[in-house]
Amino acid sequence: MVVTTGTGPMLVQLLILLGCLALSVGQYSSCKSLVSTDDGPTWEYYACQPRAMAMKQYMQIKVDPPGITCGDPPERFCTLENPYLCSDECDASIPEQAHPPTLMADAELSGGGVATNGISGGPVTYWQTVTWSRFPEPLLANITLSWNKSLELTDDITVTFEYGRPTIMVLDKSLDKGRTWQPYQFYADDCMEAFGMPPKRVGDLAAANVTRVICTEQYSRWVGSKNEKNVRFEVRERFGIFAGGPALRNMDGLYTRMESMKGLRDFFTFTDLRLRLLRPALGGTYVQRDNLMKYFYAISNIEVNARCKCNLHADQCVVRDGVLACDCEHNTTGQDCARCEKGYKAKSWKPGSYLPTPNGSPNTCEAAGSVGNCECYGHSNRCSYIEFINIVTCVSCKHNTRGQNCQHCRLGYYRNASAELDDENVCIECNCNQLGSLHARCNETGFCQCRDGTTGPKCEDCSPGYTWKQGCIPNVCDEEFLLCQNGGTCFQGQKCLCPPGLKGVLCEQAQCAGGKACDRASSQHLLHSGLLLLSLLLSLLL
């Protein structure tokens, strides 16, 4: 092969990278194979993964805020090339003039077609927003792409804009089906002004920081809508840096790095993507207030190439009840093959491994009783033989279990009656109130043993006649059985507030002023009342 000077190294690097990618397509494409042995045919298992495919056919598109899509009511708009020729119209009631969100993922004409703007060879259909008619309020739009499934990127994400690319936007990803988000990449014509970040390109990164979130300016500067339309998230280039470029000439090295750098695999994993469009194309100038009908967003196509994330336990991804799911092997189950099947939890679930190449390690879930002839219900990875009592016992039980077979719950936990014995949530914490209970243990239904005067499943309430104060203490008064005397009122069950001239725990004593003897009759009356009250207290306590 003859390579032209100057382009040679780049071409060689590209060919090697494409060769690696081509090889990777063929590897890990099968989960098992029937092989012949001395004992007859048997299954041999391998790490496996589904093939990469275009995911836009499965994605759900949501656009917000409501009313951001043009056409209701109908609206005229201009283009940046002809800013004062505002003859185009968006009208949701006329199919030829409507621009709904679904047109971001429909089949496009890539050549020979005629776009609605009359340009030959361009895309025919596109989603479009209202124009920037609310200045100085910014024109903002969010586009959320959902798959309800964990996916792994295998190629660049490409978003094709009509009438100019945004000057500011953000690409976000979610790993939990849209509950939380994190940025993938920032895009701006001036990264420092927009995000306070210095501009970078993926080529500026090294293997040690290849997962860094960067701000790039190369897709945001105005070049004219007839030229560059695409905004990319460069997956191939990041992968090439990670793989080692031309220095990497074998797949063993590639997959060794894939296993050792878990962060890279996580970086390319997602369930949802979101485009935050923060400022439309301005045509290389400042916002011109005299004609805001030329500022809007329009997207004709979104390409997302990925594979279903199956943790190397499936080679097929299927649609079940309208949702993508892995067709799991290796005795695994779940949408992402992320747990062992019931009855196959003799050891903890693990994802498959790319190593050793070329077939990897399947890390198959094992049937109950198949590990060391000891059933640990998936709560232990190893067993030990205790010779002097001749038993095999599970070692280091997990998930708050204990016992020879990890079949009991640790002290402070109780059995979850709704869970199978091999469920990771089989043991529930007692959560006994430390101040109200005698200890942290509870019975098989989760009830704790309470101190005197304390009640409730977790010993967090007081029995009648008691008040909570760093634990339950007996009431001094309660306005029911322990009444304050002579017009006194009970305060928080612990003190009688007495009228003037009275004192005592229950206001049963006269308070004599000046040190003089109190009225005899009054004193005898209060003494008699006190004796009655004392007898009542004794009867309650006994």
# chains A, B, ... in the order shown; residues from 1 in each chain; ligands from 1

call {"tool": "residues_around", "arguments": {"residues": "range 280-291 of chain A", "least_positions_apart": "3", "cutoff": "10 Å", "atoms": "only C-alpha atoms", "output": "VMD selection string"}}
result
chain A and resid 77 to 81 83 to 84 86 131 to 133 135 to 136 138 to 141 161 163 to 169 189 220 to 225 277 294 to 298

call {"tool": "residues_around", "arguments": {"residues": "Gly263 in chain A", "least_positions_apart": "3", "cutoff": "8 Å", "atoms": "only C-alpha atoms", "output": "number ranges by chain"}}
result
A: 211, 266-267

call {"tool": "select_by_dssp", "arguments": {"residues": "range 108-320 of chain A", "states": "alpha helix (DSSP H)", "output": "PyMOL selection string"}}
result
chain A and resi 191-195+235-243+251-260+262-267

call {"tool": "select_by_dssp", "arguments": {"residues": "range 280-493 of chain A", "states": "strand (DSSP E or B)", "output": "JSON, numbers by chain"}}
result
{"A": [298, 299, 300, 301, 302, 303, 305, 306, 307, 308, 313, 317, 318, 319, 320, 323, 324, 325, 326, 332, 333, 339, 340, 353, 361, 382, 383, 384, 385, 386, 391, 392, 393, 394, 395, 401, 402, 408, 409, 413, 414, 415, 427, 428, 429, 437, 438, 439, 440, 441, 442, 448, 449, 450, 454, 455, 461, 462, 466, 467, 468, 472, 473, 474, 489, 490, 491]}

call {"tool": "write_last_selection", "arguments": {"atoms": "C-alpha atoms", "output": "short mmCIF file (atom, residue, chain, number, x, y, z; two decimals), in the first residue's frame"}}
result
data_model
loop_
_atom_site.label_atom_id
_atom_site.label_comp_id
_atom_site.auth_asym_id
_atom_site.auth_seq_id
_atom_site.Cartn_x
_atom_site.Cartn_y
_atom_site.Cartn_z
CA ALA A 298 -35.31 23.04 13.35
CA ILE A 299 -34.09 19.41 13.52
CA SER A 300 -34.47 17.03 10.61
CA ASN A 301 -32.75 13.90 11.98
CA ILE A 302 -31.26 12.34 15.10
CA GLU A 303 -29.03 9.28 14.80
CA ASN A 305 -26.29 3.98 17.23
CA ALA A 306 -25.99 1.76 20.27
CA ARG A 307 -26.50 -1.73 21.62
CA CYS A 308 -28.72 -2.95 24.41
CA HIS A 313 -25.37 -12.12 29.33
CA CYS A 317 -32.45 -7.60 22.34
CA VAL A 318 -36.18 -7.98 21.75
CA VAL A 319 -39.31 -5.88 22.16
CA ARG A 320 -41.62 -7.20 24.88
CA VAL A 323 -40.31 -2.20 25.69
CA LEU A 324 -36.78 -3.23 24.72
CA ALA A 325 -35.40 -6.08 26.84
CA CYS A 326 -32.42 -8.41 26.72
CA THR A 332 -29.89 -14.49 34.33
CA THR A 333 -33.07 -12.46 34.11
CA ARG A 339 -29.84 -10.61 38.37
CA CYS A 340 -29.91 -14.38 38.64
CA SER A 353 -16.29 -10.26 31.38
CA SER A 361 -16.03 -15.20 30.97
CA ARG A 382 -17.92 -19.67 49.21
CA CYS A 383 -18.33 -22.55 51.61
CA SER A 384 -16.08 -24.12 54.21
CA TYR A 385 -15.83 -27.69 55.46
CA ILE A 386 -15.61 -27.95 59.25
CA ILE A 391 -20.49 -30.10 58.03
CA VAL A 392 -20.16 -27.71 55.12
CA THR A 393 -21.16 -24.14 55.99
CA CYS A 394 -21.49 -20.91 54.07
CA VAL A 395 -18.82 -18.30 54.77
CA THR A 401 -28.21 -13.14 56.73
CA ARG A 402 -26.51 -15.71 58.96
CA HIS A 408 -31.52 -16.90 59.08
CA CYS A 409 -31.43 -13.16 59.65
CA TYR A 413 -33.13 -8.02 61.39
CA TYR A 414 -36.23 -10.11 60.72
CA ARG A 415 -37.50 -12.20 57.82
CA CYS A 427 -33.95 -9.63 55.86
CA ILE A 428 -35.41 -6.33 57.05
CA GLU A 429 -33.84 -4.19 59.76
CA SER A 437 -36.69 -0.75 73.47
CA LEU A 438 -34.65 -3.10 75.64
CA HIS A 439 -32.38 -4.08 72.74
CA ALA A 440 -32.10 -3.90 68.93
CA ARG A 441 -33.63 -7.34 68.32
CA CYS A 442 -37.22 -7.98 67.28
CA CYS A 448 -39.41 -4.96 69.31
CA GLN A 449 -39.30 -5.69 73.07
CA CYS A 450 -40.26 -2.47 74.83
CA THR A 454 -43.43 2.11 76.12
CA THR A 455 -45.48 0.51 73.34
CA ASP A 461 -44.99 5.34 71.62
CA CYS A 462 -45.93 5.71 75.30
CA TYR A 466 -46.66 7.98 80.46
CA THR A 467 -45.10 10.88 78.52
CA TRP A 468 -42.21 10.75 76.04
CA CYS A 472 -41.37 7.17 78.40
CA ILE A 473 -41.61 8.46 81.98
CA PRO A 474 -44.64 8.20 84.34
CA THR A 489 -53.92 22.68 85.73
CA CYS A 490 -51.69 19.90 84.35
CA PHE A 491 -48.70 21.02 82.22
#

call {"tool": "atom_distance", "arguments": {"atom1": "CA of Gly203 in chain A", "atom2": "CA of Leu275 in chain A"}}
result
22.9 Å

call {"tool": "atom_distance", "arguments": {"atom1": "CA of Gln316 in chain A", "atom2": "CA of Ala105 in chain A"}}
result
23.3 Å

call {"tool": "atom_distance", "arguments": {"atom1": "CA of Leu205 in chain A", "atom2": "CA of Asp176 in chain A"}}
result
27.5 Å
